[in-house]
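*Asks:* Sharing my_file05.pdb below, PDB, C-alpha atoms:
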MODEL        1
ATOM      1  CA  MET A   1      -3.557 -20.554  20.246
ATOM      2  CA  ALA A   2      -3.553 -19.446  16.614
ATOM      3  CA  THR A   3      -2.329 -21.917  14.033
ATOM      4  CA  ALA A   4       0.367 -21.121  11.477
ATOM      5  CA  GLY A   5      -2.356 -20.798   8.849
ATOM      6  CA  GLN A   6      -4.238 -18.281  10.975
ATOM      7  CA  TRP A   7      -1.078 -16.226  11.517
ATOM      8  CA  ILE A   8      -0.576 -16.205   7.754
ATOM      9  CA  GLU A   9      -4.191 -15.151   7.257
ATOM     10  CA  GLY A  10      -3.691 -12.452   9.889
ATOM     11  CA  ALA A  11      -0.767 -11.115   7.849
ATOM     12  CA  ARG A  12      -3.369 -10.201   5.175
ATOM     13  CA  LEU A  13      -1.467 -11.539   2.186
ATOM     14  CA  ARG A  14      -3.926  -9.907  -0.236
ATOM     15  CA  THR A  15      -2.462  -6.523   0.731
ATOM     16  CA  LEU A  16       1.176  -7.491   0.132
ATOM     17  CA  LEU A  17       0.992  -6.640  -3.553
ATOM     18  CA  MET A  18       0.985  -3.023  -2.407
ATOM     19  CA  GLY A  19       4.488  -3.593  -1.059
ATOM     20  CA  VAL A  20       5.672  -5.210  -4.292
ATOM     21  CA  ALA A  21       4.349  -2.574  -6.717
ATOM     22  CA  PRO A  22       6.421   0.425  -5.553
ATOM     23  CA  VAL A  23       9.652  -1.586  -5.703
ATOM     24  CA  ILE A  24       8.909  -2.712  -9.257
ATOM     25  CA  ALA A  25       8.016   0.811 -10.400
ATOM     26  CA  GLY A  26      10.955   2.365  -8.564
ATOM     27  CA  SER A  27      13.351  -0.171 -10.078
ATOM     28  CA  ALA A  28      11.913   0.564 -13.534
ATOM     29  CA  ALA A  29      12.689   4.247 -13.033
ATOM     30  CA  ALA A  30      16.212   3.281 -11.965
ATOM     31  CA  TYR A  31      16.555   1.210 -15.149
ATOM     32  CA  ASP A  32      15.447   4.250 -17.125
ATOM     33  CA  LEU A  33      18.336   6.105 -15.470
ATOM     34  CA  GLU A  34      20.649   3.203 -16.492
ATOM     35  CA  ALA A  35      21.266   2.347 -12.845
ATOM     36  CA  PHE A  36      19.281  -0.817 -12.094
ATOM     37  CA  HIS A  37      20.808  -2.985  -9.311
ATOM     38  CA  PRO A  38      19.062  -6.375  -8.847
ATOM     39  CA  LEU A  39      20.403  -7.020  -5.328
ATOM     40  CA  ARG A  40      19.360  -3.591  -4.078
ATOM     41  CA  ALA A  41      15.936  -4.082  -5.662
ATOM     42  CA  LEU A  42      15.591  -7.420  -3.854
ATOM     43  CA  LEU A  43      16.538  -5.834  -0.529
ATOM     44  CA  ALA A  44      14.053  -3.024  -1.111
ATOM     45  CA  LEU A  45      11.371  -5.625  -1.827
ATOM     46  CA  LEU A  46      12.169  -7.557   1.353
ATOM     47  CA  THR A  47      12.074  -4.328   3.368
ATOM     48  CA  ALA A  48       8.719  -3.277   1.887
ATOM     49  CA  LEU A  49       7.064  -6.657   2.443
ATOM     50  CA  LEU A  50       8.243  -6.917   6.053
ATOM     51  CA  PHE A  51       6.980  -3.406   6.750
ATOM     52  CA  GLN A  52       3.613  -4.251   5.170
ATOM     53  CA  ILE A  53       3.204  -7.373   7.296
ATOM     54  CA  GLY A  54       4.277  -5.402  10.355
ATOM     55  CA  VAL A  55       1.658  -2.761   9.622
ATOM     56  CA  ASN A  56      -1.016  -5.434   9.253
ATOM     57  CA  TYR A  57      -0.158  -7.057  12.593
ATOM     58  CA  SER A  58       0.108  -3.635  14.219
ATOM     59  CA  ASN A  59      -3.386  -2.708  13.023
ATOM     60  CA  ASP A  60      -4.692  -6.083  14.171
ATOM     61  CA  TYR A  61      -3.302  -5.461  17.655
ATOM     62  CA  SER A  62      -4.330  -1.810  18.029
ATOM     63  CA  ASP A  63      -7.827  -2.156  16.592
ATOM     64  CA  GLY A  64      -8.291  -5.353  18.572
ATOM     65  CA  ILE A  65      -7.516  -3.853  21.964
ATOM     66  CA  ARG A  66      -9.663  -0.797  21.177
ATOM     67  CA  GLY A  67     -12.623  -3.014  20.324
ATOM     68  CA  THR A  68     -12.887  -1.629  16.800
ATOM     69  CA  ASP A  69     -12.784  -5.120  15.276
ATOM     70  CA  ASP A  70     -15.246  -6.758  17.675
ATOM     71  CA  VAL A  71     -17.971  -6.700  15.024
ATOM     72  CA  ARG A  72     -16.742  -6.589  11.433
ATOM     73  CA  VAL A  73     -17.379  -7.956   7.963
ATOM     74  CA  GLY A  74     -13.809  -8.489   6.792
ATOM     75  CA  PRO A  75     -11.264 -11.301   7.118
ATOM     76  CA  LEU A  76      -9.892 -12.851  10.313
ATOM     77  CA  ARG A  77      -8.343 -10.643  13.001
ATOM     78  CA  LEU A  78      -6.122 -12.447  15.477
ATOM     79  CA  THR A  79      -6.572 -10.115  18.449
ATOM     80  CA  ALA A  80     -10.296  -9.447  18.180
ATOM     81  CA  SER A  81     -11.074 -13.126  17.598
ATOM     82  CA  GLY A  82      -9.092 -14.165  20.672
ATOM     83  CA  LEU A  83      -7.034 -16.637  18.634
ATOM     84  CA  ALA A  84      -3.816 -14.891  19.694
ATOM     85  CA  SER A  85      -2.996 -12.761  22.701
ATOM     86  CA  PRO A  86      -2.606  -9.020  22.107
ATOM     87  CA  LYS A  87       0.966  -9.221  23.362
ATOM     88  CA  SER A  88       1.943 -11.905  20.844
ATOM     89  CA  VAL A  89       0.419  -9.938  17.955
ATOM     90  CA  LYS A  90       2.262  -6.802  19.076
ATOM     91  CA  TYR A  91       5.528  -8.737  19.276
ATOM     92  CA  ALA A  92       4.908 -10.102  15.772
ATOM     93  CA  ALA A  93       4.416  -6.555  14.494
ATOM     94  CA  PHE A  94       7.610  -5.229  16.024
ATOM     95  CA  GLY A  95       9.491  -8.354  14.973
ATOM     96  CA  CYS A  96       8.557  -7.579  11.379
ATOM     97  CA  PHE A  97       9.502  -3.923  11.814
ATOM     98  CA  GLY A  98      12.877  -4.967  13.228
ATOM     99  CA  ALA A  99      13.517  -7.370  10.342
ATOM    100  CA  ALA A 100      12.484  -4.666   7.862
ATOM    101  CA  MET A 101      14.891  -2.190   9.448
ATOM    102  CA  LEU A 102      17.694  -4.756   9.253
ATOM    103  CA  ALA A 103      17.066  -5.410   5.553
ATOM    104  CA  GLY A 104      16.818  -1.662   4.987
ATOM    105  CA  LEU A 105      20.097  -1.101   6.821
ATOM    106  CA  VAL A 106      21.883  -3.551   4.541
ATOM    107  CA  LEU A 107      20.390  -1.747   1.545
ATOM    108  CA  ILE A 108      21.547   1.611   2.881
ATOM    109  CA  MET A 109      25.047   0.278   3.512
ATOM    110  CA  LEU A 110      25.322  -1.091  -0.022
ATOM    111  CA  SER A 111      24.019   2.094  -1.626
ATOM    112  CA  GLY A 112      25.657   4.571   0.752
ATOM    113  CA  THR A 113      22.358   6.397   1.217
ATOM    114  CA  TRP A 114      22.753   7.003   4.958
ATOM    115  CA  PRO A 115      20.155   9.822   5.224
ATOM    116  CA  LEU A 116      17.525   7.171   4.491
ATOM    117  CA  LEU A 117      18.056   5.864   8.023
ATOM    118  CA  LEU A 118      15.844   8.707   9.189
ATOM    119  CA  VAL A 119      13.267   7.719   6.588
ATOM    120  CA  GLY A 120      13.316   4.175   7.958
ATOM    121  CA  VAL A 121      12.661   5.416  11.481
ATOM    122  CA  GLY A 122       9.846   7.570  10.125
ATOM    123  CA  CYS A 123       8.335   4.512   8.439
ATOM    124  CA  VAL A 124       8.209   2.602  11.741
ATOM    125  CA  ILE A 125       6.665   5.573  13.559
ATOM    126  CA  ALA A 126       4.078   6.011  10.801
ATOM    127  CA  ALA A 127       3.325   2.275  10.715
ATOM    128  CA  TRP A 128       2.662   2.133  14.449
ATOM    129  CA  GLY A 129       0.882   5.474  14.596
ATOM    130  CA  TYR A 130      -1.786   4.490  12.055
ATOM    131  CA  THR A 131      -3.919   2.762  14.675
ATOM    132  CA  GLY A 132      -1.554   2.629  17.665
ATOM    133  CA  GLY A 133      -0.750   5.093  20.421
ATOM    134  CA  LYS A 134      -2.993   7.619  22.127
ATOM    135  CA  ASN A 135      -3.893   9.596  19.002
ATOM    136  CA  PRO A 136      -3.785   7.275  15.978
ATOM    137  CA  TYR A 137      -3.974   9.241  12.745
ATOM    138  CA  GLY A 138      -6.015   6.485  11.098
ATOM    139  CA  TYR A 139      -8.851   7.363  13.473
ATOM    140  CA  ILE A 140      -9.005  10.981  12.322
ATOM    141  CA  GLY A 141      -9.108  10.408   8.559
ATOM    142  CA  LEU A 142      -5.408  10.707   7.666
ATOM    143  CA  GLY A 143      -4.784   7.063   6.788
ATOM    144  CA  GLU A 144      -4.882   7.566   3.026
ATOM    145  CA  VAL A 145      -2.529  10.557   3.290
ATOM    146  CA  PHE A 146       0.162   8.551   5.059
ATOM    147  CA  VAL A 147      -0.349   5.520   2.822
ATOM    148  CA  PHE A 148       0.107   7.778  -0.208
ATOM    149  CA  LEU A 149       3.292   9.221   1.253
ATOM    150  CA  PHE A 150       4.950   6.041   2.518
ATOM    151  CA  PHE A 151       3.678   3.321   0.167
ATOM    152  CA  GLY A 152       3.754   5.680  -2.787
ATOM    153  CA  LEU A 153       6.347   8.452  -2.701
ATOM    154  CA  VAL A 154       8.774   7.050  -0.127
ATOM    155  CA  ALA A 155       8.736   3.409  -1.243
ATOM    156  CA  THR A 156       8.870   4.078  -4.987
ATOM    157  CA  MET A 157      11.284   7.000  -5.094
ATOM    158  CA  GLY A 158      13.326   5.489  -2.274
ATOM    159  CA  THR A 159      13.797   2.356  -4.379
ATOM    160  CA  THR A 160      14.964   4.465  -7.306
ATOM    161  CA  TYR A 161      17.308   6.511  -5.129
ATOM    162  CA  THR A 162      19.038   3.510  -3.542
ATOM    163  CA  GLN A 163      19.898   2.267  -7.026
ATOM    164  CA  ALA A 164      20.506   5.409  -9.072
ATOM    165  CA  LEU A 165      21.440   7.828  -6.259
ATOM    166  CA  ALA A 166      18.993  10.165  -7.972
ATOM    167  CA  VAL A 167      15.296  10.455  -8.728
ATOM    168  CA  SER A 168      13.513  11.474 -11.905
ATOM    169  CA  TRP A 169      10.239  12.787 -13.271
ATOM    170  CA  ALA A 170       9.357   9.202 -14.210
ATOM    171  CA  SER A 171      10.028   7.949 -10.686
ATOM    172  CA  PHE A 172       7.894  10.762  -9.250
ATOM    173  CA  LEU A 173       4.900  10.100 -11.509
ATOM    174  CA  GLY A 174       5.223   6.364 -10.897
ATOM    175  CA  ALA A 175       5.320   7.033  -7.162
ATOM    176  CA  VAL A 176       2.202   9.218  -7.276
ATOM    177  CA  SER A 177       0.297   6.563  -9.218
ATOM    178  CA  ILE A 178       1.386   3.777  -6.870
ATOM    179  CA  GLY A 179       0.431   5.966  -3.910
ATOM    180  CA  LEU A 180      -3.025   6.548  -5.365
ATOM    181  CA  LEU A 181      -3.540   2.816  -5.871
ATOM    182  CA  ALA A 182      -2.428   2.089  -2.302
ATOM    183  CA  SER A 183      -4.833   4.768  -1.058
ATOM    184  CA  ALA A 184      -7.602   3.244  -3.164
ATOM    185  CA  LEU A 185      -7.030  -0.133  -1.517
ATOM    186  CA  LEU A 186      -7.290   1.439   1.930
ATOM    187  CA  MET A 187     -10.388   3.359   0.858
ATOM    188  CA  ALA A 188     -12.046   0.119  -0.289
ATOM    189  CA  ASN A 189     -11.256  -1.444   3.068
ATOM    190  CA  ASN A 190     -12.628   1.552   4.962
ATOM    191  CA  VAL A 191     -15.786   1.880   2.862
ATOM    192  CA  ARG A 192     -16.591  -1.715   3.750
ATOM    193  CA  ASP A 193     -16.127  -0.897   7.440
ATOM    194  CA  ILE A 194     -18.005   2.434   7.545
ATOM    195  CA  PRO A 195     -20.873   1.220   9.792
ATOM    196  CA  THR A 196     -18.660  -0.476  12.382
ATOM    197  CA  ASP A 197     -15.959   2.223  12.258
ATOM    198  CA  ARG A 198     -18.516   4.974  12.799
ATOM    199  CA  GLU A 199     -19.978   3.117  15.754
ATOM    200  CA  ALA A 200     -16.506   2.577  17.234
ATOM    201  CA  GLY A 201     -15.574   6.255  16.788
ATOM    202  CA  LYS A 202     -12.973   5.511  14.103
ATOM    203  CA  MET A 203     -13.397   8.529  11.826
ATOM    204  CA  THR A 204     -11.637   7.302   8.714
ATOM    205  CA  LEU A 205     -11.666   9.373   5.548
ATOM    206  CA  ALA A 206     -14.432   7.103   4.243
ATOM    207  CA  VAL A 207     -16.549   7.849   7.322
ATOM    208  CA  ARG A 208     -15.899  11.589   6.980
ATOM    209  CA  LEU A 209     -16.688  11.664   3.249
ATOM    210  CA  GLY A 210     -19.784   9.530   3.593
ATOM    211  CA  ASP A 211     -20.609   6.306   1.797
ATOM    212  CA  GLU A 212     -21.348   7.658  -1.692
ATOM    213  CA  ALA A 213     -18.461  10.138  -1.925
ATOM    214  CA  ALA A 214     -16.000   7.584  -0.539
ATOM    215  CA  ARG A 215     -17.044   5.053  -3.185
ATOM    216  CA  ILE A 216     -16.615   7.650  -5.947
ATOM    217  CA  SER A 217     -13.193   8.624  -4.593
ATOM    218  CA  TYR A 218     -12.040   5.013  -5.012
ATOM    219  CA  VAL A 219     -12.860   5.085  -8.731
ATOM    220  CA  MET A 220     -11.272   8.514  -9.158
ATOM    221  CA  MET A 221      -8.029   7.331  -7.559
ATOM    222  CA  LEU A 222      -7.839   4.379  -9.943
ATOM    223  CA  ALA A 223      -8.498   6.599 -12.952
ATOM    224  CA  LEU A 224      -5.947   9.230 -11.973
ATOM    225  CA  ALA A 225      -3.322   6.573 -11.247
ATOM    226  CA  LEU A 226      -3.612   5.233 -14.800
ATOM    227  CA  LEU A 227      -3.724   8.629 -16.498
ATOM    228  CA  LEU A 228      -0.850  10.423 -14.751
ATOM    229  CA  PRO A 229       1.975   8.408 -16.387
ATOM    230  CA  LEU A 230       0.735   9.606 -19.771
ATOM    231  CA  LEU A 231       2.532  12.861 -18.962
ATOM    232  CA  LEU A 232       5.695  10.913 -19.848
ATOM    233  CA  ILE A 233       4.495  10.054 -23.342
ATOM    234  CA  ASN A 234       6.818  12.450 -25.207
ATOM    235  CA  ASP A 235       9.989  10.766 -23.936
ATOM    236  CA  HIS A 236       8.445   7.384 -23.125
ATOM    237  CA  PRO A 237       5.867   6.535 -25.837
ATOM    238  CA  TRP A 238       5.550   2.945 -24.609
ATOM    239  CA  ILE A 239       4.105   4.221 -21.339
ATOM    240  CA  LEU A 240       0.739   3.926 -23.088
ATOM    241  CA  LEU A 241       0.905   0.275 -22.021
ATOM    242  CA  VAL A 242      -0.393   1.288 -18.580
ATOM    243  CA  LEU A 243      -3.814   1.794 -20.187
ATOM    244  CA  LEU A 244      -3.989  -1.982 -20.704
ATOM    245  CA  VAL A 245      -4.660  -2.196 -16.970
ATOM    246  CA  SER A 246      -7.963  -0.347 -17.416
ATOM    247  CA  PRO A 247     -10.154  -3.444 -17.923
ATOM    248  CA  LEU A 248      -9.030  -4.774 -14.530
ATOM    249  CA  CYS A 249     -10.579  -1.714 -12.914
ATOM    250  CA  ILE A 250     -14.095  -2.358 -14.207
ATOM    251  CA  THR A 251     -15.242  -5.049 -11.773
ATOM    252  CA  PRO A 252     -13.955  -3.506  -8.518
ATOM    253  CA  SER A 253     -15.208  -0.072  -9.576
ATOM    254  CA  TRP A 254     -18.656  -1.493 -10.331
ATOM    255  CA  VAL A 255     -18.755  -3.240  -6.946
ATOM    256  CA  MET A 256     -17.664  -0.095  -5.122
ATOM    257  CA  LEU A 257     -20.246   2.065  -6.874
ATOM    258  CA  ARG A 258     -23.205  -0.323  -6.911
ATOM    259  CA  SER A 259     -23.005  -3.034  -4.281
ATOM    260  CA  GLN A 260     -24.834  -2.483  -1.017
ATOM    261  CA  ARG A 261     -23.545  -5.700   0.583
ATOM    262  CA  ARG A 262     -20.420  -4.938   2.602
ATOM    263  CA  GLN A 263     -19.083  -8.466   2.204
ATOM    264  CA  ASP A 264     -19.038  -7.991  -1.588
ATOM    265  CA  MET A 265     -16.238  -5.481  -1.095
ATOM    266  CA  ILE A 266     -13.842  -8.007   0.457
ATOM    267  CA  PRO A 267     -12.514  -9.226  -2.951
ATOM    268  CA  VAL A 268     -11.971  -5.604  -4.002
ATOM    269  CA  LEU A 269      -8.872  -5.463  -1.786
ATOM    270  CA  LYS A 270      -7.194  -8.292  -3.681
ATOM    271  CA  GLN A 271      -8.391  -6.926  -7.015
ATOM    272  CA  THR A 272      -6.919  -3.511  -6.228
ATOM    273  CA  GLY A 273      -3.641  -5.154  -5.258
ATOM    274  CA  VAL A 274      -3.608  -6.985  -8.593
ATOM    275  CA  ILE A 275      -4.305  -3.706 -10.388
ATOM    276  CA  SER A 276      -1.351  -2.142  -8.602
ATOM    277  CA  LEU A 277       0.955  -5.021  -9.522
ATOM    278  CA  CYS A 278      -0.169  -5.025 -13.163
ATOM    279  CA  PHE A 279       0.246  -1.251 -13.312
ATOM    280  CA  ALA A 280       3.810  -1.582 -12.006
ATOM    281  CA  ALA A 281       4.532  -4.277 -14.594
ATOM    282  CA  ALA A 282       3.108  -2.168 -17.437
ATOM    283  CA  PHE A 283       4.998   0.888 -16.173
ATOM    284  CA  THR A 284       8.191  -1.171 -16.134
ATOM    285  CA  LEU A 285       7.597  -2.490 -19.640
ATOM    286  CA  GLY A 286       7.051   1.075 -20.831
ATOM    287  CA  MET A 287      10.374   2.161 -19.303
ATOM    288  CA  VAL A 288      12.299  -0.828 -20.674
ATOM    289  CA  LEU A 289      10.909  -0.690 -24.221
ATOM    290  CA  THR A 290      11.696   3.006 -24.401
ATOM    291  CA  GLN A 291      15.352   2.132 -23.800
ATOM    292  CA  LEU A 292      15.414  -0.860 -26.147
ATOM    293  CA  VAL A 293      13.333   0.229 -29.120
TER     294      VAL A 293
ENDMDL
END
With the file now loaded, output its structure as structure tokens.

*Replies:*
Amino acid sequence: MATAGQWIEGARLRTLLMGVAPVIAGSAAAYDLEAFHPLRALLALLTALLFQIGVNYSNDYSDGIRGTDDVRVGPLRLTASGLASPKSVKYAAFGCFGAAMLAGLVLIMLSGTWPLLLVGVGCVIAAWGYTGGKNPYGYIGLGEVFVFLFFGLVATMGTTYTQALAVSWASFLGAVSIGLLASALLMANNVRDIPTDREAGKMTLAVRLGDEAARISYVMMLALALLLPLLLINDHPWILLVLLVSPLCITPSWVMLRSQRRQDMIPVLKQTGVISLCFAAAFTLGMVLTQLV
């Protein structure tokens, strides 16, 4: 039986920063629209984190029962290691999805954004369908596409909409950048797993691109994520602060481009999450200072 510490490790806490970043950036865009609501932001954060943990447990379960994780370089997997039964991991995933839907429902009730109920259902379907079901889209190279959509566009602009009842050019560009950073994190994970994924028949985008091109795509996603907000510079001159995140990209980019040891890529996940969080903070500071100065 898995210990509490192993369940926490199985939740993959290093990836949770990707759930925090879109809420911060989306709330910053709402502030720019003079519509920031702290309680709604907190509910959006709770919803995002519960969904992220649910996705992680869901992937653990689905990859575990398929045998994809039987031989791997990365961190602990509850199902594949036999520390927890597949059924218990699946229940944990859907428990998190249920809690996320409940928090999201409260948010929708407070904001009156009832059409977002359909978005919430779509999030659960997408979360499960990544590696679950008969035809998981993560096994055919569409993982980064859905991560970009749901952890980027939906999470960021959805946060803005539940507070401002509108979206903006700033919220869109912030969402695209956050989506690119989330996709970069997934790419780093999948580059590390190319040999085992290929052997297991899991044709991720990294497997389809090939090792070298996949590594380059990681760096390109980081670069584009930092450069896109500069399109706001005319109305938001302080957005230049996002460039201060650039030094944080050097080490993970170097590892992705140069390292041949798959285990060296494990810290890149956390580093990419930190980049995403720092980007969101810099983006927020750029929005706030534009209003104050």

*Asks:* Starting from the shown file, work through the PyMOL selection byres ((chain A and resi 99-108) around 9) and note down what comes out as a VMD selection string.

*Replies:* chain A and resid 39 to 41 43 to 44 46 to 51 54 94 to 98 109 to 117 120 to 121 124 162

*Asks:* Could you write out as a CSV table (one decimal) with C-alpha atoms, in the coordinates of the input the residues that the PyMOL selection byres ((chain A and resi 88) around 12) matches in the shown file?

*Replies:*
chain,number,residue,atom,x,y,z
A,1,MET,CA,-3.6,-20.6,20.2
A,2,ALA,CA,-3.6,-19.4,16.6
A,7,TRP,CA,-1.1,-16.2,11.5
A,57,TYR,CA,-0.2,-7.1,12.6
A,58,SER,CA,0.1,-3.6,14.2
A,60,ASP,CA,-4.7,-6.1,14.2
A,61,TYR,CA,-3.3,-5.5,17.7
A,78,LEU,CA,-6.1,-12.4,15.5
A,79,THR,CA,-6.6,-10.1,18.4
A,82,GLY,CA,-9.1,-14.2,20.7
A,83,LEU,CA,-7.0,-16.6,18.6
A,84,ALA,CA,-3.8,-14.9,19.7
A,85,SER,CA,-3.0,-12.8,22.7
A,86,PRO,CA,-2.6,-9.0,22.1
A,87,LYS,CA,1.0,-9.2,23.4
A,89,VAL,CA,0.4,-9.9,18.0
A,90,LYS,CA,2.3,-6.8,19.1
A,91,TYR,CA,5.5,-8.7,19.3
A,92,ALA,CA,4.9,-10.1,15.8
A,93,ALA,CA,4.4,-6.6,14.5
A,94,PHE,CA,7.6,-5.2,16.0
A,95,GLY,CA,9.5,-8.4,15.0

*Asks:* What do you get, as a PyMOL selection string, if you spell out every residue that the PyMOL selection byres ((chain A and resi 66) around 12) selects here?

*Replies:* chain A and resi 59-65+67-71+79-80+86+131-134+136+139+197+200-202

*Asks:* Skipping near chain neighbours, those fewer than 5 positions away, what residues fall within 12 Å of A:Trp238 using all atoms listed in the file, listed as an NGL selection string?

*Replies:* :A and (229-233 or 243-244 or 282-293)

*Asks:* Which one of A:Tyr31, A:Phe279, A:Tyr137, A:Trp254 sits closest to A:Leu226 if you count all atoms listed in the file?

*Replies:*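 Checking each candidate against A:Leu226, we get A:Phe279 as the closest.
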
*Asks:* Would you list the residues near (15.5, 5.0, -5.2) (no more than 9 Å away, in the coordinates of the file, using all atoms listed in the file) as number ranges by chain?

*Replies:* A: 23, 26-27, 29-30, 154-167, 171

*Asks:* Emit the selected residues as a short mmCIF file (atom, residue, chain, number, x, y, z; two decimals), in the coordinates of the input, including C-alpha atoms.

*Replies:*
data_model
loop_
_atom_site.label_atom_id
_atom_site.label_comp_id
_atom_site.auth_asym_id
_atom_site.auth_seq_id
_atom_site.Cartn_x
_atom_site.Cartn_y
_atom_site.Cartn_z
CA VAL A 23 9.65 -1.59 -5.70
CA GLY A 26 10.96 2.37 -8.56
CA SER A 27 13.35 -0.17 -10.08
CA ALA A 29 12.69 4.25 -13.03
CA ALA A 30 16.21 3.28 -11.96
CA VAL A 154 8.77 7.05 -0.13
CA ALA A 155 8.74 3.41 -1.24
CA THR A 156 8.87 4.08 -4.99
CA MET A 157 11.28 7.00 -5.09
CA GLY A 158 13.33 5.49 -2.27
CA THR A 159 13.80 2.36 -4.38
CA THR A 160 14.96 4.46 -7.31
CA TYR A 161 17.31 6.51 -5.13
CA THR A 162 19.04 3.51 -3.54
CA GLN A 163 19.90 2.27 -7.03
CA ALA A 164 20.51 5.41 -9.07
CA LEU A 165 21.44 7.83 -6.26
CA ALA A 166 18.99 10.16 -7.97
CA VAL A 167 15.30 10.46 -8.73
CA SER A 171 10.03 7.95 -10.69
#

*Asks:* One number please: atom CA of A:Met220 to atom CA of A:Ile24, in Å, one decimal.

*Replies:*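 Interatomic distance here is 23.1 Å.
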